[in-house]
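Pasting protein_29.txt here (compact mmCIF, C-alpha atoms):
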# COMPACT_ATOMS: atom_id res chain seq x y z
CA MET E 125 115.81 114.61 91.05
CA PRO E 126 119.28 113.08 90.83
CA LYS E 127 121.76 115.06 88.80
CA ILE E 128 122.34 113.43 85.43
CA VAL E 129 125.99 113.46 84.45
CA ASP E 130 126.82 113.14 80.77
CA HIS E 131 130.08 111.23 81.08
CA ASP E 132 130.87 111.32 77.36
CA GLU E 133 130.41 115.07 77.33
CA ARG E 134 132.69 115.43 80.34
CA ARG E 135 135.36 113.25 78.72
CA ARG E 136 135.22 115.38 75.58
CA GLU E 137 135.47 118.55 77.62
CA ILE E 138 138.55 117.26 79.41
CA ALA E 139 140.08 116.11 76.11
CA GLU E 140 139.66 119.64 74.73
CA VAL E 141 141.54 120.98 77.75
CA VAL E 142 144.32 118.47 77.01
CA LEU E 143 144.54 119.78 73.42
CA ALA E 144 144.59 123.40 74.59
CA ILE E 145 147.51 122.61 76.92
CA ILE E 146 149.39 120.83 74.09
CA ALA E 147 148.92 123.85 71.82
CA ARG E 148 150.55 126.13 74.41
CA HIS E 149 153.09 123.90 76.17
CA GLY E 150 153.54 120.79 74.04
CA VAL E 151 152.79 117.21 74.95
CA ALA E 152 155.18 117.40 77.92
CA GLY E 153 152.94 120.08 79.49
CA VAL E 154 150.10 117.60 79.98
CA THR E 155 150.03 116.40 83.60
CA LEU E 156 147.08 115.40 85.77
CA ASN E 157 147.73 118.53 87.83
CA ASN E 158 147.73 120.89 84.86
CA VAL E 159 144.59 119.36 83.40
CA ALA E 160 142.86 119.54 86.79
CA GLU E 161 143.78 123.18 87.13
CA GLU E 162 142.75 124.19 83.61
CA SER E 163 139.54 122.18 83.51
CA GLY E 164 138.32 123.13 86.95
CA TRP E 165 137.76 119.46 87.83
CA SER E 166 139.51 118.01 90.85
CA ARG E 167 142.15 115.31 90.42
CA GLY E 168 139.65 112.95 92.05
CA VAL E 169 137.03 113.58 89.35
CA LEU E 170 139.71 113.42 86.62
CA SER E 171 141.00 110.07 87.82
CA HIS E 172 137.48 108.73 87.51
CA TYR E 173 137.82 109.20 83.73
CA PHE E 174 141.54 109.00 83.05
CA THR E 175 143.96 107.01 85.16
CA ASN E 176 147.22 108.43 83.84
CA LYS E 177 148.90 110.87 81.49
CA ASP E 178 148.86 108.46 78.54
CA HIS E 179 145.09 108.13 78.79
CA LEU E 180 144.73 111.90 78.81
CA LEU E 181 146.91 112.18 75.72
CA GLU E 182 145.02 109.45 73.88
CA ALA E 183 141.76 111.23 74.73
CA GLY E 184 143.25 114.39 73.19
CA LEU E 185 144.31 112.43 70.10
CA ARG E 186 140.84 110.94 69.62
CA GLN E 187 139.02 114.20 70.30
CA GLY E 188 141.28 116.02 67.82
CA MET E 189 140.69 113.28 65.24
CA ARG E 190 136.90 113.55 65.67
CA THR E 191 137.01 117.30 65.11
CA ILE E 192 139.17 116.83 62.01
CA SER E 193 136.82 114.16 60.61
CA THR E 194 133.81 116.43 61.11
CA ASN E 195 135.62 119.36 59.47
CA ILE E 196 136.77 117.21 56.56
CA ASP E 197 133.25 115.97 55.91
CA GLU E 198 132.05 119.55 55.87
CA ALA E 199 134.92 120.83 53.76
CA ALA E 200 134.41 118.07 51.19
CA THR E 201 130.95 119.46 50.38
CA ASP E 202 132.26 122.94 49.58
CA PRO E 203 130.53 123.85 46.28
CA ASP E 204 133.90 124.82 44.76
CA ALA E 205 135.88 121.59 44.21
CA ARG E 206 139.22 123.36 44.36
CA ASN E 207 138.36 125.02 47.67
CA ALA E 208 137.09 121.70 48.98
CA LEU E 209 140.35 119.97 48.09
CA ARG E 210 142.47 122.69 49.64
CA ARG E 211 140.42 122.69 52.85
CA VAL E 212 140.59 118.89 53.17
CA LEU E 213 144.37 118.97 52.79
CA GLU E 214 144.85 121.96 55.09
CA GLU E 215 142.87 120.28 57.82
CA VAL E 216 145.87 118.11 58.78
CA LEU E 217 148.55 120.83 58.61
CA PRO E 218 149.61 122.75 61.75
CA LEU E 219 148.15 126.05 60.51
CA ASP E 220 146.62 127.29 63.76
CA GLU E 221 146.61 126.38 67.47
CA ARG E 222 143.99 123.67 67.10
CA ARG E 223 145.75 121.90 64.24
CA LEU E 224 149.17 122.41 65.81
CA ALA E 225 147.99 120.67 68.98
CA PHE E 226 146.62 117.78 66.94
CA ALA E 227 149.78 117.40 64.84
CA ARG E 228 151.87 117.31 68.02
CA VAL E 229 149.80 114.67 69.76
CA TYR E 230 149.64 112.69 66.50
CA VAL E 231 153.45 112.60 66.27
CA ALA E 232 153.71 111.71 69.95
CA PHE E 233 151.60 108.62 69.26
CA LEU E 234 153.22 107.68 65.95
CA ALA E 235 156.18 106.05 67.69
CA GLU E 236 153.81 104.13 69.93
CA ALA E 237 151.59 103.18 66.99
CA ILE E 238 154.50 101.30 65.43
CA VAL E 239 154.38 98.74 68.23
CA THR E 240 150.74 98.99 69.37
CA GLU E 241 148.28 97.18 67.16
CA HIS E 242 145.08 99.05 68.07
CA LEU E 243 146.80 102.40 67.46
CA ARG E 244 148.28 101.17 64.19
CA HIS E 245 144.82 100.20 62.98
CA TYR E 246 143.37 103.48 64.21
CA PHE E 247 146.00 105.53 62.35
CA THR E 248 145.78 103.45 59.18
CA TYR E 249 141.98 103.52 59.19
CA ASN E 250 141.83 107.30 59.60
CA HIS E 251 144.48 107.92 56.98
CA GLU E 252 142.65 105.69 54.52
CA ALA E 253 139.37 107.52 55.22
CA TRP E 254 141.09 110.84 54.52
CA ARG E 255 142.70 109.52 51.34
CA THR E 256 139.34 108.24 50.13
CA VAL E 257 137.84 111.71 50.60
CA LEU E 258 140.70 113.12 48.52
CA GLU E 259 140.16 110.51 45.80
CA THR E 260 136.43 111.24 45.65
CA LEU E 261 137.10 114.98 45.43
CA LEU E 262 139.64 114.52 42.65
CA GLN E 263 137.05 112.54 40.69
CA ARG E 264 134.37 115.10 41.39
CA GLY E 265 136.52 117.98 40.10
CA GLU E 266 137.22 115.99 36.96
CA SER E 267 133.57 115.22 36.28
CA GLU E 268 132.63 118.86 36.99
CA GLN E 269 135.44 119.83 34.58
CA THR E 270 137.14 121.93 37.25
CA TRP E 271 140.43 120.24 36.36
CA ARG E 272 142.01 117.52 34.29
CA LEU E 273 144.13 114.93 36.08
CA ALA E 274 147.48 113.70 34.80
CA GLU E 275 147.19 110.51 36.88
CA SER E 276 144.38 108.39 38.27
CA PRO E 277 142.49 109.87 41.26
CA SER E 278 143.73 106.94 43.36
CA THR E 279 147.41 107.57 42.54
CA LEU E 280 147.09 111.32 42.98
CA SER E 281 145.30 110.98 46.30
CA SER E 282 148.11 108.80 47.69
CA ARG E 283 150.65 111.26 46.45
CA LEU E 284 148.91 114.33 47.86
CA GLY E 285 148.44 112.44 51.11
CA ALA E 286 152.13 111.59 51.43
CA LEU E 287 153.18 115.12 50.49
CA THR E 288 150.87 116.69 53.03
CA GLU E 289 151.97 114.29 55.74
CA GLY E 290 155.63 115.01 55.01
CA LEU E 291 154.98 118.75 55.08
CA ARG E 292 153.19 118.42 58.41
CA MET E 293 156.20 116.65 59.97
CA ARG E 294 158.59 119.25 58.62
CA ALA E 295 156.42 122.16 59.72
CA LEU E 296 156.45 120.88 63.29
CA ILE E 297 160.20 121.35 63.63
CA ASP E 298 161.25 123.87 60.99
CA PRO E 299 160.32 127.46 61.96
CA ALA E 300 160.76 128.52 58.30
CA LEU E 301 157.56 126.63 57.49
CA THR E 302 155.15 129.29 58.73
CA PRO E 303 151.44 128.82 57.97
CA SER E 304 151.74 130.94 54.84
CA ALA E 305 154.81 128.98 53.65
CA GLN E 306 152.90 125.73 54.19
CA ARG E 307 149.92 127.07 52.21
CA ALA E 308 152.20 128.21 49.40
CA GLN E 309 153.69 124.70 49.06
CA LEU E 310 150.29 123.08 49.10
CA ASP E 311 148.91 125.46 46.47
CA ALA E 312 151.89 124.83 44.20
CA TRP E 313 151.33 121.06 44.31
CA VAL E 314 147.62 121.35 43.71
CA ASP E 315 148.11 123.75 40.81
CA ASP E 316 150.85 121.61 39.34
CA TRP E 317 148.85 118.38 39.33
CA LEU E 318 145.41 119.59 38.53
CA ASP E 319 145.91 121.63 35.43
CA ARG E 320 148.06 119.79 33.01
CA MET M 243 201.92 99.33 78.37
CA PRO M 244 198.56 100.69 79.44
CA LYS M 245 195.66 99.54 77.31
CA ILE M 246 194.44 102.34 75.07
CA VAL M 247 190.66 102.52 74.96
CA ASP M 248 189.10 104.20 71.95
CA HIS M 249 186.07 105.70 73.66
CA ASP M 250 184.50 107.02 70.45
CA GLU M 251 184.78 103.61 68.88
CA ARG M 252 183.19 101.99 71.90
CA ARG M 253 180.33 104.53 71.87
CA ARG M 254 179.68 103.78 68.19
CA GLU M 255 179.75 100.06 68.84
CA ILE M 256 177.18 100.42 71.63
CA ALA M 257 175.04 102.70 69.44
CA GLU M 258 174.99 100.00 66.75
CA VAL M 259 173.74 97.51 69.34
CA VAL M 260 170.98 99.98 70.23
CA LEU M 261 169.94 100.16 66.56
CA ALA M 262 169.97 96.36 66.22
CA ILE M 263 167.66 96.07 69.23
CA ILE M 264 165.30 98.71 67.79
CA ALA M 265 165.14 96.82 64.48
CA ARG M 266 163.99 93.65 66.26
CA HIS M 267 161.99 94.93 69.25
CA GLY M 268 161.25 98.60 68.64
CA VAL M 269 162.33 101.59 70.69
CA ALA M 270 160.63 100.15 73.79
CA GLY M 271 163.02 97.17 73.67
CA VAL M 272 166.00 99.40 74.48
CA THR M 273 166.91 99.11 78.16
CA LEU M 274 170.30 99.32 79.88
CA ASN M 275 169.98 95.60 80.67
CA ASN M 276 169.24 94.57 77.08
CA VAL M 277 172.05 96.69 75.69
CA ALA M 278 174.45 95.29 78.28
CA GLU M 279 173.47 91.74 77.38
CA GLU M 280 173.68 92.24 73.60
CA SER M 281 176.88 94.26 73.61
CA GLY M 282 178.74 92.10 76.09
CA TRP M 283 179.65 95.17 78.17
CA SER M 284 178.65 95.26 81.83
CA ARG M 285 176.12 97.80 83.04
CA GLY M 286 179.00 99.45 84.88
CA VAL M 287 180.93 100.03 81.65
CA LEU M 288 177.76 101.12 79.82
CA SER M 289 176.89 103.68 82.48
CA HIS M 290 180.34 105.18 81.98
CA TYR M 291 179.18 106.19 78.46
CA PHE M 292 175.41 106.51 78.72
CA THR M 293 173.60 107.42 81.91
CA ASN M 294 170.06 106.47 80.88
CA LYS M 295 167.82 105.06 78.19
CA ASP M 296 167.33 108.43 76.44
CA HIS M 297 171.09 108.79 76.00
CA LEU M 298 171.26 105.33 74.49
CA LEU M 299 168.47 106.18 72.06
CA GLU M 300 170.04 109.48 71.08
CA ALA M 301 173.32 107.65 70.45
CA GLY M 302 171.40 105.27 68.16
CA LEU M 303 169.80 108.22 66.36
CA ARG M 304 173.15 109.93 65.78
CA GLN M 305 174.91 106.75 64.75
CA GLY M 306 172.10 105.93 62.29
CA MET M 307 172.24 109.48 60.91
CA ARG M 308 176.03 109.24 60.40
CA THR M 309 175.63 106.00 58.45
CA ILE M 310 172.88 107.54 56.32
CA SER M 311 174.99 110.65 55.59
CA THR M 312 177.92 108.49 54.52
CA ASN M 313 175.70 106.35 52.30
CA ILE M 314 174.03 109.40 50.76
CA ASP M 315 177.38 110.95 49.92
CA GLU M 316 178.40 107.73 48.24
CA ALA M 317 175.07 107.23 46.45
CA ALA M 318 175.15 110.78 45.11
CA THR M 319 178.30 109.97 43.13
CA ASP M 320 176.69 107.02 41.31
CA PRO M 321 177.64 107.53 37.64
CA ASP M 322 173.97 107.07 36.62
CA ALA M 323 172.08 110.17 37.80
CA ARG M 324 168.75 108.34 37.97
CA ASN M 325 170.23 105.57 40.12
CA ALA M 326 171.91 108.17 42.29
CA LEU M 327 168.60 109.97 42.87
CA ARG M 328 166.76 106.78 43.64
CA ARG M 329 169.43 105.63 46.10
CA VAL M 330 169.51 108.99 47.89
CA LEU M 331 165.73 108.91 48.32
CA GLU M 332 165.63 105.24 49.33
CA GLU M 333 168.21 105.81 52.02
CA VAL M 334 165.58 107.33 54.35
CA LEU M 335 162.81 104.76 53.73
CA PRO M 336 162.38 101.73 56.03
CA LEU M 337 163.39 99.23 53.32
CA ASP M 338 165.52 96.91 55.43
CA GLU M 339 166.36 96.31 59.09
CA ARG M 340 168.96 99.06 59.27
CA ARG M 341 166.71 101.71 57.75
CA LEU M 342 163.68 100.49 59.69
CA ALA M 343 165.59 100.92 62.96
CA PHE M 344 166.61 104.42 61.95
CA ALA M 345 163.10 105.45 60.89
CA ARG M 346 161.75 104.22 64.22
CA VAL M 347 164.24 106.05 66.37
CA TYR M 348 163.79 109.14 64.18
CA VAL M 349 160.04 109.16 64.81
CA ALA M 350 160.61 108.53 68.51
CA PHE M 351 162.66 111.74 68.65
CA LEU M 352 160.41 113.81 66.39
CA ALA M 353 157.97 114.50 69.20
CA GLU M 354 160.84 115.50 71.45
CA ALA M 355 162.43 117.61 68.72
CA ILE M 356 159.33 119.82 68.67
CA VAL M 357 160.17 121.09 72.15
CA THR M 358 163.95 120.59 72.30
CA GLU M 359 165.97 123.22 70.49
CA HIS M 360 169.20 121.29 69.91
CA LEU M 361 167.24 118.35 68.42
CA ARG M 362 165.16 120.69 66.27
CA HIS M 363 168.32 122.21 64.83
CA TYR M 364 169.85 118.78 64.35
CA PHE M 365 166.80 117.50 62.45
CA THR M 366 166.42 120.65 60.37
CA TYR M 367 170.12 120.75 59.54
CA ASN M 368 170.20 117.13 58.41
CA HIS M 369 167.02 117.45 56.37
CA GLU M 370 168.36 120.54 54.64
CA ALA M 371 171.64 118.73 53.87
CA TRP M 372 169.68 115.87 52.32
CA ARG M 373 167.47 118.24 50.33
CA THR M 374 170.55 120.03 49.02
CA VAL M 375 171.97 116.71 47.78
CA LEU M 376 168.66 116.11 45.98
CA GLU M 377 168.73 119.58 44.42
CA THR M 378 172.31 119.13 43.22
CA LEU M 379 171.43 115.74 41.72
CA LEU M 380 168.38 117.13 39.94
CA GLN M 381 170.57 119.83 38.40
CA ARG M 382 173.23 117.30 37.46
CA GLY M 383 170.73 115.07 35.65
CA GLU M 384 169.46 118.08 33.75
CA SER M 385 172.91 119.22 32.66
CA GLU M 386 173.80 115.63 31.69
CA GLN M 387 170.51 115.55 29.76
CA THR M 388 169.34 112.50 31.70
CA TRP M 389 166.01 114.28 32.26
CA ARG M 390 164.16 117.51 31.79
CA LEU M 391 162.59 119.12 34.85
CA ALA M 392 159.10 120.60 34.88
CA GLU M 393 159.96 122.75 37.92
CA SER M 394 163.09 124.28 39.41
CA PRO M 395 165.52 121.85 41.10
CA SER M 396 164.88 123.66 44.38
CA THR M 397 161.08 123.25 44.18
CA LEU M 398 161.31 119.63 43.08
CA SER M 399 163.80 118.73 45.79
CA SER M 400 161.44 120.08 48.49
CA ARG M 401 158.58 118.18 46.96
CA LEU M 402 160.45 114.89 46.67
CA GLY M 403 161.70 115.40 50.22
CA ALA M 404 158.19 115.91 51.63
CA LEU M 405 156.81 112.95 49.64
CA THR M 406 159.55 110.63 50.81
CA GLU M 407 159.16 111.75 54.40
CA GLY M 408 155.40 111.21 54.26
CA LEU M 409 155.89 107.76 52.74
CA ARG M 410 158.36 106.86 55.48
CA MET M 411 155.83 107.74 58.20
CA ARG M 412 153.08 105.77 56.49
CA ALA M 413 155.32 102.75 55.88
CA LEU M 414 156.10 102.55 59.60
CA ILE M 415 152.51 101.83 60.52
CA ASP M 416 150.82 100.48 57.39
CA PRO M 417 151.77 96.85 56.67
CA ALA M 418 150.51 97.25 53.07
CA LEU M 419 153.54 99.44 52.39
CA THR M 420 156.04 96.64 51.96
CA PRO M 421 159.51 97.54 50.68
CA SER M 422 158.46 96.77 47.10
CA ALA M 423 155.30 98.90 47.46
CA GLN M 424 157.42 101.77 48.78
CA ARG M 425 159.84 101.43 45.86
CA ALA M 426 156.95 101.38 43.38
CA GLN M 427 155.59 104.67 44.75
CA LEU M 428 159.00 106.30 44.69
CA ASP M 429 159.67 105.17 41.12
CA ALA M 430 156.32 106.51 39.96
CA TRP M 431 157.04 109.96 41.39
CA VAL M 432 160.52 110.09 39.96
CA ASP M 433 159.32 108.97 36.54
CA ASP M 434 156.42 111.39 36.62
CA TRP M 435 158.51 114.46 37.43
CA LEU M 436 161.64 113.80 35.51
CA ASP M 437 160.38 113.06 32.06
CA ARG M 438 157.78 115.55 31.07
Could you render the structure from this file as structure tokens?
Amino acid sequence: MPKIVDHDERRREIAEVVLAIIARHGVAGVTLNNVAEESGWSRGVLSHYFTNKDHLLEAGLRQGMRTISTNIDEAATDPDARNALRRVLEEVLPLDERRLAFARVYVAFLAEAIVTEHLRHYFTYNHEAWRTVLETLLQRGESEQTWRLAESPSTLSSRLGALTEGLRMRALIDPALTPSAQRAQLDAWVDDWLDR
Amino acid sequence: MPKIVDHDERRREIAEVVLAIIARHGVAGVTLNNVAEESGWSRGVLSHYFTNKDHLLEAGLRQGMRTISTNIDEAATDPDARNALRRVLEEVLPLDERRLAFARVYVAFLAEAIVTEHLRHYFTYNHEAWRTVLETLLQRGESEQTWRLAESPSTLSSRLGALTEGLRMRALIDPALTPSAQRAQLDAWVDDWLDR
């Protein structure tokens, strides 16, 4: 029987290797050679899937985004609305190696997204999906009487989204923003807005 | 008499050309050829000051940051504390060509700042300077009884800083965030925090 190769699975596997390299060495550490070495696939096999470094990075970006989307969908169904909200927000902060790698590759593509239409749509679409989850959760907590909102769920979700995105950028370059410092800021915002 | 060349002045002049090109064509539009053409200086003269594209971009970043610092210092002394606060926050948003160019080159260097110590310090130092101006303004408005603060000036300045930075990132890729939409968000935050 001929061997059946699952190309999508192999692409995902390689993309995970890209993210692991970014977590340890940053975006600059991603080269065809490094990915070949870490993944165990030859450069010949790699080049069948990805023709250059930018393709490898974009694969890492998309794989990281898929993982985040899956985690957000799961977090949003947490029976405790406050936990759900915190988990959905924390998913985009660089709180561990996985999320640090994603935040780095995200920033690396931000500059390119400004001038590249398909990336701009991709970023805007994913941000809007995330914001919609936040809005739905804010409504849910209100109808479950977990909290009272001082503003509309739509306004608050935009605001929490912008805050979290700003914190993510800052945390990438300011060593004072350790994971626990990031969590403390997030908790203060959530507490401040959800209980007045 | 020998001609006296003000090298710093010439560097600034070239850096302004870099920013003008970024405003119109993005970071990718900056090449030694384009800068030579727009500035009127030959490539030979240019290469005396900047040896490659990255140096040109970093000159644009630093020139843009100097302009912003000067404007912030001036804005902070606006006799109306609320105007002063708004102007200091708006200085970092992409509300016109000058600020759009700066936001773009800032994002282009963010990814590099993650792995480059001198850039990380430069970014962190400038952000902290900006946040300190915000904190001082928040205190000033309170002592002038322009507003009452629901949180400490230090906490609120971090929060406004993160919000504004998140909005800046979003505005760079989401066409719905026109200058007036950005201003509306900013005004809503300021009004919400300063009058309860």
Query - Gap from atom CA of Leu288 of chain M to atom CA of Leu261 of chain M - Å, one decimal - result: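 Atom CA of Leu261 of chain M lies 15.4 Å from atom CA of Leu288 of chain M.
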Tell me which protein, DNA and RNA residues are within 12 Å of Ser304 of chain E, counting only C-alpha atoms, leaving out same-chain ones fewer than 2 positions away, and put them as a PDB file with C-alpha atoms, in the frame of the given file.
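As written to disk, out.pdb reads:
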ATOM      1  CA  GLU E 214     144.850 121.960  55.090  1.00  0.00           C
ATOM      2  CA  LEU E 217     148.550 120.830  58.610  1.00  0.00           C
ATOM      3  CA  PRO E 218     149.610 122.750  61.750  1.00  0.00           C
ATOM      4  CA  LEU E 219     148.150 126.050  60.510  1.00  0.00           C
ATOM      5  CA  ASP E 220     146.620 127.290  63.760  1.00  0.00           C
ATOM      6  CA  ALA E 295     156.420 122.160  59.720  1.00  0.00           C
ATOM      7  CA  PRO E 299     160.320 127.460  61.960  1.00  0.00           C
ATOM      8  CA  ALA E 300     160.760 128.520  58.300  1.00  0.00           C
ATOM      9  CA  LEU E 301     157.560 126.630  57.490  1.00  0.00           C
ATOM     10  CA  THR E 302     155.150 129.290  58.730  1.00  0.00           C
ATOM     11  CA  GLN E 306     152.900 125.730  54.190  1.00  0.00           C
ATOM     12  CA  ARG E 307     149.920 127.070  52.210  1.00  0.00           C
ATOM     13  CA  ALA E 308     152.200 128.210  49.400  1.00  0.00           C
ATOM     14  CA  GLN E 309     153.690 124.700  49.060  1.00  0.00           C
ATOM     15  CA  LEU E 310     150.290 123.080  49.100  1.00  0.00           C
ATOM     16  CA  ASP E 311     148.910 125.460  46.470  1.00  0.00           C
TER      17      ASP E 311
END
Report task. Find the residue from E:Val239, E:Leu261, E:Ile138, E:Ile297 that sits nearest to Gly188 of chain E; use all atoms listed in the file when measuring. Result ->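 So, comparing all the options, the nearest one is E:Ile138.
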**Report entry** Exercise answer, chain M residues close to chain E, 9 Å and all atoms listed in the file, as a PyMOL selection string
**Finding:** chain M and resi 267-270+346-357+362-363+365-366+369+397+401-412+414-416+427+431
Report summary line: Counting only C-alpha atoms, the residue among M:Val247, M:Leu298, M:Leu436, M:Ile310 that lies closest to Arg340 of chain M is M:Ile310
Report task. Would you work out the distance separating atom CA of Gly153 of chain E from atom CA of Met307 of chain M, expressed in Å to one decimal? Result ->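 Those two atoms sit 28.8 Å apart.
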Query - Atom pair atom CA of Gln381 of chain M / atom CA of Arg324 of chain M: separation (Å) - result: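 Atom CA of Arg324 of chain M lies 11.6 Å from atom CA of Gln381 of chain M.
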